[in-house]
Amino acid sequence: MYMFISPWLVGFLVFALYPILSSLYYSFTDYDIIHPPKFIGLANYMEMFHNELFWKSVTVTLRYTLVSVPIQLLLGLGFALLLHQTIPLRGFFRTAMYFPSMVSGVAMSLLWYWIFNPQIGLFNYMLSWFGIHGPSWLMNPDTALYALIIMSFWTAGSGMILFLAGLQGVPASLIEAANLDGAGRFRIFLNITLPMISPVLLFQLIMGLIDSFQVFTQAFVMTQGGPNYSTWFYVYNLYTSAFKEYRAGYSSALAWVLLIVVMIFTAIIMKLSNRYVHYEGGGRR
Amino acid sequence: MSIVRTANHRPAASAHRRRIDPVKAASFITLLITTFLMLLPLFFMVSTSLKSKKEMLKFPPTFLPESWAWSNYRDIFDTLQFGTLYKNSLIIAVLTVIGTLISSGLVAYGFARFRGRGNQFLFVLVLSTMMLPYPAIMIPQFVLFSHMNWIDTFLPLIVPAFFGSAYNIFLLRQFFTTLPEELFDAGRIDGCGELRMWWTIALPLSAPALATVAIFAFIYSWNDLLTPVLYLSSSEKFTLPVGMASLTSSRFRIPPWHLLMVASVLAMLPIVTLFALAQKQFVEGIVLTGIK
């Protein structure tokens with residue numbers, strides 16, 4: 001048996017456990033990757049709390065997450081509910097909704113970089129149909145983050161696929177029984193469908209949060225964290241301080257804060273899920 | 001092309017055939033509008049990629065190119081060394097896929113076939129690494145690989161794949177456990193060792209699951225930006241995402257918009273092809289792993 005799992009075991013030790021532990025050690029040192037690390041205790045963590053860019057990156061990431069993740073979930077669920085019905089052109093609609101998710105990270109960033117261009121881009125042109133004079137989006141510190149949030153809605157179709165799979169698991173007999181009892185569509189949704197698909201909702205919430213804490217591509221390709229640090233995402237901050245300023249010690253402290261935040265969020269949501277999430281088979285896990 | 005097959009394809013009850021359900025009518029109109037909005041950027045991506053440099057700067061943007069500039073698709077190879085980028089990305093992605101299939105296949109088999117106490121503990125460990133954010137471990141990994149003199153080579157992008165990845169191990173293990181035990185009993189009677197049973201029984205029967213793993217390993221490698229940005233420094237080693245990202249840099253006073261779109265179209269081509277060829281595995285992969 002150990003012969004079979006040995007590749008993972010080696011990989012885990014070398015590419016996961018060792019990096020986690022050594023980044024914990026680095027986080028207590030002054031380290032520039034070239035010279036050996038010097039132990040400085042908690043200084044990196046102390047600096048973090050006085051570092052303006054750190055707080056900026058936290059605010060930017062949280063604002064992005066709080067708006068983008070819930071709306072993406074709602075859109076994905078909404079599309080799935082619409083397309084779970086028997087409706088003409090259903091196959092076409094499903095494929096079309098998912099299609100944008102196939103445009104890779106950088107390609108998508110380049111496309112929307114053009115869409116948000118205030119002089120020649122598509123977005124302000126479409127706004128002009130409604131007589132709206134659009135802002136300059138990525139070039140304006142007040143709107144740049146919102147532009148990236150709007151862009152994130154474009155891939156809601158991949159969430160839709162997960163919800164569609166979840167909706168298929170809801171037994172038709174339950175819905176029919178409720179229908180016979182005179183329950184309306186909305187009550188059926190609230191009392192049957194929603195509890196039944198709550199594991200999918202939970203799973204997507206966790207994955208959505210974790211992904212959103214790690215936004216990098218958009219900041220790197222479209223805004224370089226600007227203008228005026230308005231899209232200075234957490235991981236972008238980590239990347240620049242480690243690989244542009246060569247402050248690997250301080251960046252390791254940033255990395256550990258990220259790791260702990262991800263662990264805490266996962267734990268909280270798992271805990272809540274025991275209470276509110278319905279798992280098939282009746283038992284609560 | 002239906003993305004997810006549903007079971008409720010029953011014919012509408014004849015009594016209701018003529019009546020139009022207002023909820024469905026409203027749904028249909030909503031879908032038409034949203035689909036239009038979703039597809040519009042894609043439409044412009046393709047049409048813009050075929051516009052001339054001059055037409056590109058027109059406002060409002062023209063829907064279809066006035067004159068079709070097919071030469072853009074040739075120019076990208078000169079301006080951006082696009083051929084090199086494409087080749088590099090393909091090499092890395094293909095090797096990553098091979099490494100992932102072999103290693104995750106082996107490890108998943110180990111977890112599926114042998115159930116000991118230690119085994120269960122280790123499997124929980126596998127699952128827990130799924131949540132591990134790459135940025136949290138990238139600095140020590142970078143230090144490690146620079147000690148091995150692997151900077152500015154493809155190795156840091158490929159070699160880790162040969163040690164298995166949590167999602168794929170999980171996915172394949174689930175699949176392997178559904179294989180009937182009798183098959184392996186029969187194999188044992190015939191004198192097969194575990195390794196041979198893995199190769200001749202488990203793997204051939206798991207083709208759909210392996211296809212799913214291969215597709216997602218490919219997409220992940222193809223799209224990855226952060227890792228190659230860290231490790232590749234000379235431009236002839238750049239991958240497609242790294243090279244494409246440079247199109248927005250200050251190197252260009254005015255971004256070459258038409259080329260941006262050409263690059264985007266060409267970059268999504270392999271993924272769309274995979275989707276068209278193996279739609280079922282594609283969708284299953286999303287459902288099982290949540291990777292989008």
# chains A, B, ... in the order shown; residues from 1 in each chain; ligands from 1
>>> residues_around(residues="Ala147 (chain A)", least_positions_apart="6", cutoff="12 Å", atoms="only C-alpha atoms", output="PyMOL selection string")
chain A and resi 64+67-68+109+112-118+123-124+134-141+153-154+218-219+222-223+230-231
>>> residues_around(residues="region 9-23 of chain A", least_positions_apart="2", cutoff="8 Å", atoms="only C-alpha atoms", output="list in words")
Ile5, Ser6, Pro7, Tyr25, Tyr26, Ser27, Ser252, Ala253, Ala255 and Trp256 of chain A; Thr129, Ala136, Ile137, Met138, Ile139, Pro140, Gln141, Pro160, Phe163 and Gly164 of chain B
>>> closest_residue(among="A:Pro100, A:Gly169, A:Gly157, A:Gly91", to="chain B", atoms="only C-alpha atoms")
A:Gly91
>>> select_by_dssp(residues="region 54-219 of chain B", states="alpha helix (DSSP H)", output="PyMOL selection string")
chain B and resi 54-56+72-79+82-113+117-129+134-147+155-158+166-177+181-189+194-197+203-205+207-219
>>> residues_around(residues="Phe176 (chain B)", least_positions_apart="4", cutoff="8 Å", atoms="only C-alpha atoms", output="PyMOL selection string")
chain B and resi 108-109+112-113+172+202+206
>>> residues_around(residues="Ala161 (chain B)", least_positions_apart="6", cutoff="7 Å", atoms="only C-alpha atoms", output="ChimeraX atom specification")
/B:96,99-100
>>> write_last_selection(atoms="N, CA, C and O atoms", output="PDB file, in the first residue's frame")
ATOM      1  N   THR B  96       2.303  18.046 -17.326  1.00  0.00           N
ATOM      2  CA  THR B  96       1.543  18.104 -16.077  1.00  0.00           C
ATOM      3  C   THR B  96       0.426  17.066 -16.079  1.00  0.00           C
ATOM      4  O   THR B  96       0.192  16.380 -15.084  1.00  0.00           O
ATOM      5  N   GLY B  99       1.959  13.574 -15.596  1.00  0.00           N
ATOM      6  CA  GLY B  99       2.366  13.413 -14.199  1.00  0.00           C
ATOM      7  C   GLY B  99       1.180  13.234 -13.282  1.00  0.00           C
ATOM      8  O   GLY B  99       1.178  12.361 -12.401  1.00  0.00           O
ATOM      9  N   THR B 100       0.146  14.047 -13.491  1.00  0.00           N
ATOM     10  CA  THR B 100      -1.033  13.974 -12.631  1.00  0.00           C
ATOM     11  C   THR B 100      -1.726  12.619 -12.764  1.00  0.00           C
ATOM     12  O   THR B 100      -2.122  12.012 -11.769  1.00  0.00           O
TER      13      THR B 100
END
